[in-house]
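In what follows, a single structure is set out as C-alpha cells and then discussed.
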Amino acid sequence: MAKLSTEDLLAQFEELTLLELSEFVKAFEEKFDVTAAAAVAAAPAGPGAAAEVVEEQDEFDVILTGAGEKKIQVIKVVRELTSLGLKEAKDLVDGTPKPVLEKVAKEAAEKAAESLKAAGASVEVK
C-alpha cells in the first residue's frame, strides 16, 4: 500500500460524514490503544443538545497586589519586566493593585510572578 500524504488523508476525511468520522476515530482508538477525546469535538446527543467547548486560556495578566517591605527591589523588578521609567514604575508600585504585564503567555506570566515574589511583592496571575 502506498503511503498517503497529510493532504491526501485530509481530502479523504473531508468526504466522510460526522458519523463516519466518529466511527473511524473509535476504531483508531481501539486499534492503537489511544484516546483522541481532546482533539475531537463531541457530536450533540440529540436534537437541541448543545456541546460545550472549553477553551484553554492562553493569555494571562500579572497583577501586582502589594509591594511588601522591599519596595525598591519590587520597583527594580517592575522596570526589568516592562519598559517603564523609574517614576512610572514607582507610580505603578505605589498604586497597587495594578497590572504589570497584560496578555502574555503562561510561561512569561509565571516567570514574571516568580521574579516579583522573590523581590517581596504580592502577585496574582489571571
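Chain lettering (A, B, ...) mirrors the order of the C-alpha cells, residue numbering begins at 1 for each chain separately, and ligand numbering begins at 1 in order of display.
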
Determine, counting only C-alpha atoms, which protein, DNA and RNA residues have an atom within 9 Å of an atom of stretch 72-79 of chain A; residues of the same chain fewer than 6 positions away are not included. Present the result as a short mmCIF file (atom, residue, chain, number, x, y, z; two decimals) with all heavy atoms, in the first residue's frame.
data_model
loop_
_atom_site.label_atom_id
_atom_site.label_comp_id
_atom_site.auth_asym_id
_atom_site.auth_seq_id
_atom_site.Cartn_x
_atom_site.Cartn_y
_atom_site.Cartn_z
N GLY A 85 9.90 53.83 32.93
CA GLY A 85 10.96 54.58 33.57
C GLY A 85 10.83 54.47 35.09
O GLY A 85 9.88 53.85 35.60
N LEU A 86 11.74 55.09 35.81
CA LEU A 86 11.75 54.99 37.27
C LEU A 86 10.47 55.56 37.88
O LEU A 86 9.85 54.92 38.72
CB LEU A 86 12.98 55.71 37.83
CG LEU A 86 13.13 55.67 39.35
CD1 LEU A 86 13.23 54.24 39.84
CD2 LEU A 86 14.35 56.47 39.78
N GLU A 88 7.48 56.06 36.47
CA GLU A 88 6.30 55.27 36.09
C GLU A 88 6.25 53.96 36.87
O GLU A 88 5.18 53.52 37.32
CB GLU A 88 6.30 54.99 34.59
CG GLU A 88 6.05 56.21 33.73
CD GLU A 88 7.32 57.02 33.46
OE1 GLU A 88 8.43 56.56 33.83
OE2 GLU A 88 7.19 58.13 32.91
N ALA A 89 7.40 53.31 37.04
CA ALA A 89 7.46 52.07 37.80
C ALA A 89 7.10 52.31 39.26
O ALA A 89 6.37 51.53 39.87
CB ALA A 89 8.84 51.43 37.67
N LYS A 90 7.60 53.41 39.82
CA LYS A 90 7.28 53.75 41.21
C LYS A 90 5.79 54.01 41.37
O LYS A 90 5.16 53.55 42.31
CB LYS A 90 8.09 54.97 41.67
CG LYS A 90 7.83 55.35 43.12
CD LYS A 90 8.59 56.61 43.50
CE LYS A 90 8.33 57.03 44.92
NZ LYS A 90 6.96 57.24 45.28
N LEU A 92 3.39 52.82 39.53
CA LEU A 92 2.69 51.54 39.41
C LEU A 92 2.74 50.78 40.73
O LEU A 92 1.72 50.26 41.20
CB LEU A 92 3.32 50.70 38.29
CG LEU A 92 2.59 49.43 37.92
CD1 LEU A 92 2.69 49.18 36.43
CD2 LEU A 92 3.13 48.23 38.66
N VAL A 93 3.90 50.72 41.35
CA VAL A 93 4.06 50.00 42.62
C VAL A 93 3.27 50.70 43.73
O VAL A 93 2.63 50.04 44.55
CB VAL A 93 5.56 49.87 43.00
CG1 VAL A 93 5.72 49.32 44.39
CG2 VAL A 93 6.28 48.98 41.98
N VAL A 100 0.96 44.57 35.87
CA VAL A 100 2.34 44.82 35.45
C VAL A 100 2.50 44.39 34.00
O VAL A 100 3.04 45.12 33.17
CB VAL A 100 3.35 44.05 36.34
CG1 VAL A 100 4.77 44.26 35.85
CG2 VAL A 100 3.22 44.50 37.78
N ALA A 112 7.45 36.09 35.46
CA ALA A 112 7.34 37.44 36.00
C ALA A 112 6.82 37.40 37.43
O ALA A 112 7.33 38.11 38.31
CB ALA A 112 6.42 38.29 35.13
N SER A 115 9.59 36.36 39.77
CA SER A 115 10.55 37.45 39.98
C SER A 115 10.01 38.47 40.97
O SER A 115 10.73 38.92 41.86
CB SER A 115 10.87 38.15 38.65
OG SER A 115 11.46 37.26 37.75
N LEU A 116 8.74 38.82 40.81
CA LEU A 116 8.14 39.81 41.71
C LEU A 116 8.01 39.25 43.13
O LEU A 116 8.28 39.96 44.10
CB LEU A 116 6.77 40.24 41.18
CG LEU A 116 6.82 41.15 39.95
CD1 LEU A 116 5.47 41.22 39.27
CD2 LEU A 116 7.30 42.54 40.35
N LYS A 117 7.64 37.98 43.25
CA LYS A 117 7.52 37.36 44.58
C LYS A 117 8.90 37.28 45.26
O LYS A 117 9.01 37.48 46.46
CB LYS A 117 6.90 35.98 44.47
CG LYS A 117 5.40 36.02 44.21
CD LYS A 117 4.83 34.64 44.07
CE LYS A 117 3.36 34.69 43.71
NZ LYS A 117 2.79 33.35 43.46
N ALA A 118 9.93 36.99 44.47
CA ALA A 118 11.29 36.92 45.02
C ALA A 118 11.73 38.28 45.57
O ALA A 118 12.51 38.35 46.51
CB ALA A 118 12.27 36.41 43.96
N ALA A 119 11.21 39.35 44.96
CA ALA A 119 11.55 40.69 45.43
C ALA A 119 10.70 41.11 46.63
O ALA A 119 10.91 42.17 47.19
CB ALA A 119 11.38 41.71 44.30
N GLY A 120 9.73 40.28 47.00
CA GLY A 120 8.91 40.56 48.18
C GLY A 120 7.52 41.08 47.88
O GLY A 120 6.82 41.50 48.79
N ALA A 121 7.11 41.07 46.62
CA ALA A 121 5.79 41.60 46.25
C ALA A 121 4.71 40.53 46.34
O ALA A 121 5.00 39.33 46.31
CB ALA A 121 5.85 42.14 44.82
#

For this session: Using backbone DSSP assignments, extract all strand (DSSP E or B) residues from chain A; output them as a PyMOL selection string.
Result: chain A and resi 60-66+98-104+122-125

Just C-alpha atoms for this one: save the residues we selected as a PDB file, in the first residue's frame.
ATOM      1  CA  PHE A  60      -2.530  35.935  31.251  1.00  0.00           C
ATOM      2  CA  ASP A  61      -2.265  39.171  33.221  1.00  0.00           C
ATOM      3  CA  VAL A  62       0.291  39.629  36.008  1.00  0.00           C
ATOM      4  CA  ILE A  63      -1.227  41.897  38.646  1.00  0.00           C
ATOM      5  CA  LEU A  64       0.818  43.454  41.430  1.00  0.00           C
ATOM      6  CA  THR A  65      -1.356  43.393  44.557  1.00  0.00           C
ATOM      7  CA  GLY A  66       1.186  44.667  47.078  1.00  0.00           C
ATOM      8  CA  LYS A  98      -2.232  47.305  39.129  1.00  0.00           C
ATOM      9  CA  PRO A  99      -1.368  45.072  36.154  1.00  0.00           C
ATOM     10  CA  VAL A 100       2.343  44.816  35.448  1.00  0.00           C
ATOM     11  CA  LEU A 101       2.028  42.673  32.323  1.00  0.00           C
ATOM     12  CA  GLU A 102      -1.128  42.081  30.287  1.00  0.00           C
ATOM     13  CA  LYS A 103      -1.996  39.355  27.769  1.00  0.00           C
ATOM     14  CA  VAL A 104       1.278  37.453  27.983  1.00  0.00           C
ATOM     15  CA  SER A 122       2.306  40.092  46.344  1.00  0.00           C
ATOM     16  CA  VAL A 123       1.231  38.979  42.867  1.00  0.00           C
ATOM     17  CA  GLU A 124      -1.807  37.478  41.135  1.00  0.00           C
ATOM     18  CA  VAL A 125      -1.823  35.782  37.740  1.00  0.00           C
TER      19      VAL A 125
END

For this session: Find the residues around A:Val34 up to 10 Å (only C-alpha atoms counted), leave out those fewer than 6 positions away in its own chain, and share them as a PyMOL selection string.
Result: chain A and resi 25-26+28

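The space separating atom CA of A:Phe24 from atom CA of A:Ala2 comes to 19.9 Å.
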
For this session: Write out as an MDAnalysis selection string all residues of chain A that backbone DSSP assigns to helix (DSSP H, G or I).
Result: chainID A and resid 6:14 18:32 71:81 86:94 106:118
